[in-house]
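Undergrad: Pasting a structure below so you can have a look.
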Amino acid sequence: MMNVSVVLADDHVLVRDMLRERLSREGMEIVGLASSGDHAVELAAASQPDVIVLDIDMPGMSAFEAAREVRKASPSTRVIFLSAFVHDRYIDQALSVEASGYLTKSEPPEAIVEAIQRVHRGATSFSLAVLDRIVIDPSGARLDDGSSARSTTLTDREWEVLGYVAAGMSQKQIARLIGISVKTVQHHIMHVMDKLDIHDRVELARFAIREGLIEA
C-alpha cells in the first residue's frame with residue numbers, strides 16, 4: 001500500500017467525498033479538501049502534498065492558473081486534472097502547465113486511485129479519450145496536429161464568436177449581442193476559419209459541438 005498525501009479540489013461535494021472515502025481506504029492521506037481553485041492553492045502551499053487532483057470546472061481562479069500557482073508554492077506536487085469534458089483547449093492548457101494526468105469523470109474510482117499511484121511514482125496518467133488527442137514523444141506530450149492543435153491559437157473573443165456562428169446566429173445578431181460592428185464580426189469569423197482551416201459553416205458547427213461550445 002502506497003503512502004501518498006493528496007489534496008482534492010472539486011466543487012461537487014458528493015464527488016469530493018466519494019474520492020476522499022475511496023482514497024482513504026487505499027491508505028492515502030487526504031491533507032486538504034477544496035471547492036475552488038484559490039482554496040486549492042492555499043491548501044497546497046500549506047500542506048505540500050504529493051499529488052493534487054483539480055476539477056477543471058470550479059469557481060474562482062481557473063484550474064489551470066491554480067495549477068501554475070500550486071507548482072510555484074509546492075514544486076514537488078504533481079497535478080492531475082479531473083473533468084467531465086475532453087476539449088482540445090482544456091488538454092492544451094493542462095499540458096502547458098505540465099500536468100501529470102488528465103482523467104475524465106466517467107472513469108471508475110479505481111482508475112483515479114491507480115492514476116494517483118502512477119503519477120506519485122513519476123509516471124503520467126491520461127484517460128483514453130485524452131490519449132487519442134495527444135502525442136507523447138521524447139520532447140514531452142502535445143496535442144496532435146490538425147484543427148485540434150490549431151484551435152489553441154483562437155482568442156477568447158474568437159471562441160465567443162465561433163459559438164454564436166455555430167448556433168446559427170447572423171452576423172448582425174452577433175454584432176448587436178456583443179456590442180461590436182458587423183465588420184468586426186466578419187473579421188473574427190475570417191480569422192477563426194483561417195486558423196482552423198475550416199471554411200464551411202457546417203464544419204464549424206461540428207467543431208463547436210466537439211469542443212462543447214454548443215450542444216448537438
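Letters A, B, ... mark the chains of the C-alpha cells in the order given; residue numbers begin at 1 per chain; ligand numbers begin at 1, in order shown.
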Name the residues in contact with A:Leu103 at a cut-off of 6 Å, using only C-alpha atoms, excluding same-chain residues fewer than 2 positions from it; report them as JSON, numbers by chain.
TA: {"A": [82, 126, 127]}
Undergrad: Hey, what's within 8 Å of A:Ala67 if we count only C-alpha atoms and toss same-chain stuff fewer than 4 positions away? As a short mmCIF file (atom, residue, chain, number, x, y, z; two decimals) with all heavy atoms, in the first residue's frame, please?
TA:
```cif
data_model
loop_
_atom_site.label_atom_id
_atom_site.label_comp_id
_atom_site.auth_asym_id
_atom_site.auth_seq_id
_atom_site.Cartn_x
_atom_site.Cartn_y
_atom_site.Cartn_z
N VAL A 41 -4.96 26.24 -4.00
CA VAL A 41 -3.60 26.78 -3.93
C VAL A 41 -3.19 26.98 -2.48
O VAL A 41 -2.07 26.64 -2.08
CB VAL A 41 -3.51 28.12 -4.71
CG1 VAL A 41 -2.14 28.76 -4.51
CG2 VAL A 41 -3.77 27.89 -6.19
N LEU A 54 -7.31 18.27 -9.39
CA LEU A 54 -8.03 19.51 -9.64
C LEU A 54 -9.17 19.29 -10.63
O LEU A 54 -8.94 18.89 -11.77
CB LEU A 54 -7.08 20.56 -10.22
CG LEU A 54 -6.05 21.21 -9.30
CD1 LEU A 54 -5.06 22.01 -10.13
CD2 LEU A 54 -6.72 22.10 -8.28
N ALA A 63 -8.70 26.44 -13.02
CA ALA A 63 -7.93 25.29 -12.57
C ALA A 63 -6.50 25.33 -13.12
O ALA A 63 -5.56 24.90 -12.46
CB ALA A 63 -8.61 23.99 -13.00
N ARG A 71 2.30 24.82 -8.46
CA ARG A 71 3.67 24.42 -8.81
C ARG A 71 4.70 25.41 -8.25
O ARG A 71 5.81 25.03 -7.93
CB ARG A 71 3.81 24.29 -10.33
CG ARG A 71 3.01 23.11 -10.89
CD ARG A 71 3.17 23.00 -12.39
NE ARG A 71 4.55 22.72 -12.77
CZ ARG A 71 5.10 21.51 -12.74
NH1 ARG A 71 4.38 20.47 -12.36
NH2 ARG A 71 6.35 21.34 -13.09
N VAL A 79 0.35 17.25 -10.49
CA VAL A 79 -1.02 17.70 -10.75
C VAL A 79 -1.77 16.72 -11.65
O VAL A 79 -1.27 16.31 -12.71
CB VAL A 79 -1.02 19.09 -11.42
CG1 VAL A 79 -2.45 19.53 -11.77
CG2 VAL A 79 -0.35 20.12 -10.51
N VAL A 97 0.78 23.44 -18.41
CA VAL A 97 1.21 23.58 -17.01
C VAL A 97 1.87 22.29 -16.51
O VAL A 97 2.05 22.10 -15.31
CB VAL A 97 0.02 23.96 -16.09
CG1 VAL A 97 -0.53 25.32 -16.48
CG2 VAL A 97 -1.09 22.91 -16.11
#
```
Undergrad: Between A:Gly168, A:Gly179, A:Pro59, A:Pro49, which is the closest to A:His120 once you count only C-alpha atoms?
TA: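 Counting only C-alpha atoms, the residue closest to A:His120 is A:Pro49.
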Undergrad: Write down as a count of residues only the residues belonging to stretch 66-163 of chain A that are assigned helix (DSSP H, G or I) by DSSP computed on the backbone.
TA: 48
Undergrad: Work out how far atom CA of A:Ser100 is from atom CA of A:Ala208, in Å to one decimal.
TA: 27.1 Å
Undergrad: Using only C-alpha atoms, which protein or nucleic acid residues come within 12 Å of A:Ser106? Drop anything in the same chain fewer than 6 positions from it, and give the result as a PyMOL selection string.
TA: chain A and resi 15+82-86+112+127-129
Undergrad: Using N, CA, C and O atoms, can you export the residues from the last selection as a short mmCIF file (atom, residue, chain, number, x, y, z; two decimals), in the first residue's frame?
TA:
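Wrote result-v4.cif, looks like this:
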```
data_model
loop_
_atom_site.label_atom_id
_atom_site.label_comp_id
_atom_site.auth_asym_id
_atom_site.auth_seq_id
_atom_site.Cartn_x
_atom_site.Cartn_y
_atom_site.Cartn_z
N VAL A 15 -18.80 14.25 -5.20
CA VAL A 15 -17.61 13.73 -5.88
C VAL A 15 -16.41 13.77 -4.93
O VAL A 15 -15.66 12.80 -4.81
N LEU A 82 -9.15 16.62 -13.41
CA LEU A 82 -10.33 15.76 -13.49
C LEU A 82 -11.45 16.59 -14.11
O LEU A 82 -11.70 17.72 -13.69
N SER A 83 -12.11 16.06 -15.15
CA SER A 83 -13.16 16.83 -15.81
C SER A 83 -14.18 15.94 -16.48
O SER A 83 -13.88 14.81 -16.88
N ALA A 84 -15.38 16.48 -16.63
CA ALA A 84 -16.42 15.78 -17.39
C ALA A 84 -16.21 15.99 -18.88
O ALA A 84 -16.85 15.33 -19.70
N PHE A 85 -15.31 16.91 -19.24
CA PHE A 85 -15.12 17.29 -20.64
C PHE A 85 -13.72 16.97 -21.14
O PHE A 85 -12.75 17.08 -20.40
N VAL A 86 -13.65 16.62 -22.41
CA VAL A 86 -12.35 16.39 -23.05
C VAL A 86 -12.29 17.30 -24.27
O VAL A 86 -12.56 16.88 -25.39
N ILE A 112 -8.91 6.31 -10.86
CA ILE A 112 -8.35 7.51 -10.25
C ILE A 112 -7.32 7.12 -9.20
O ILE A 112 -6.26 7.75 -9.08
N SER A 127 -6.67 9.61 -19.48
CA SER A 127 -7.77 8.78 -19.96
C SER A 127 -7.58 8.49 -21.44
O SER A 127 -6.93 9.26 -22.16
N LEU A 128 -8.14 7.39 -21.91
CA LEU A 128 -8.00 7.02 -23.32
C LEU A 128 -8.51 8.12 -24.25
O LEU A 128 -7.92 8.37 -25.31
N ALA A 129 -9.60 8.79 -23.86
CA ALA A 129 -10.14 9.86 -24.69
C ALA A 129 -9.15 11.00 -24.84
O ALA A 129 -9.13 11.70 -25.87
#
```
Undergrad: Quick one: everything within 8 Å of A:Ser125, counting only C-alpha atoms, minus sequence neighbours fewer than 4 positions away in the same chain. Send it as a list in words.
TA: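 Residues meeting the cut-off are Ser100, Gly101, Tyr102, Leu103, Ala115, Arg118 and Val119 of chain A.
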Undergrad: With only C-alpha atoms as the basis for distance, which of A:Val53, A:Ile116, A:Leu213, A:Val165 is at the shortest distance from A:Ala40?
TA: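 Looking at the shortest contact to A:Ala40, the residue is A:Val53.
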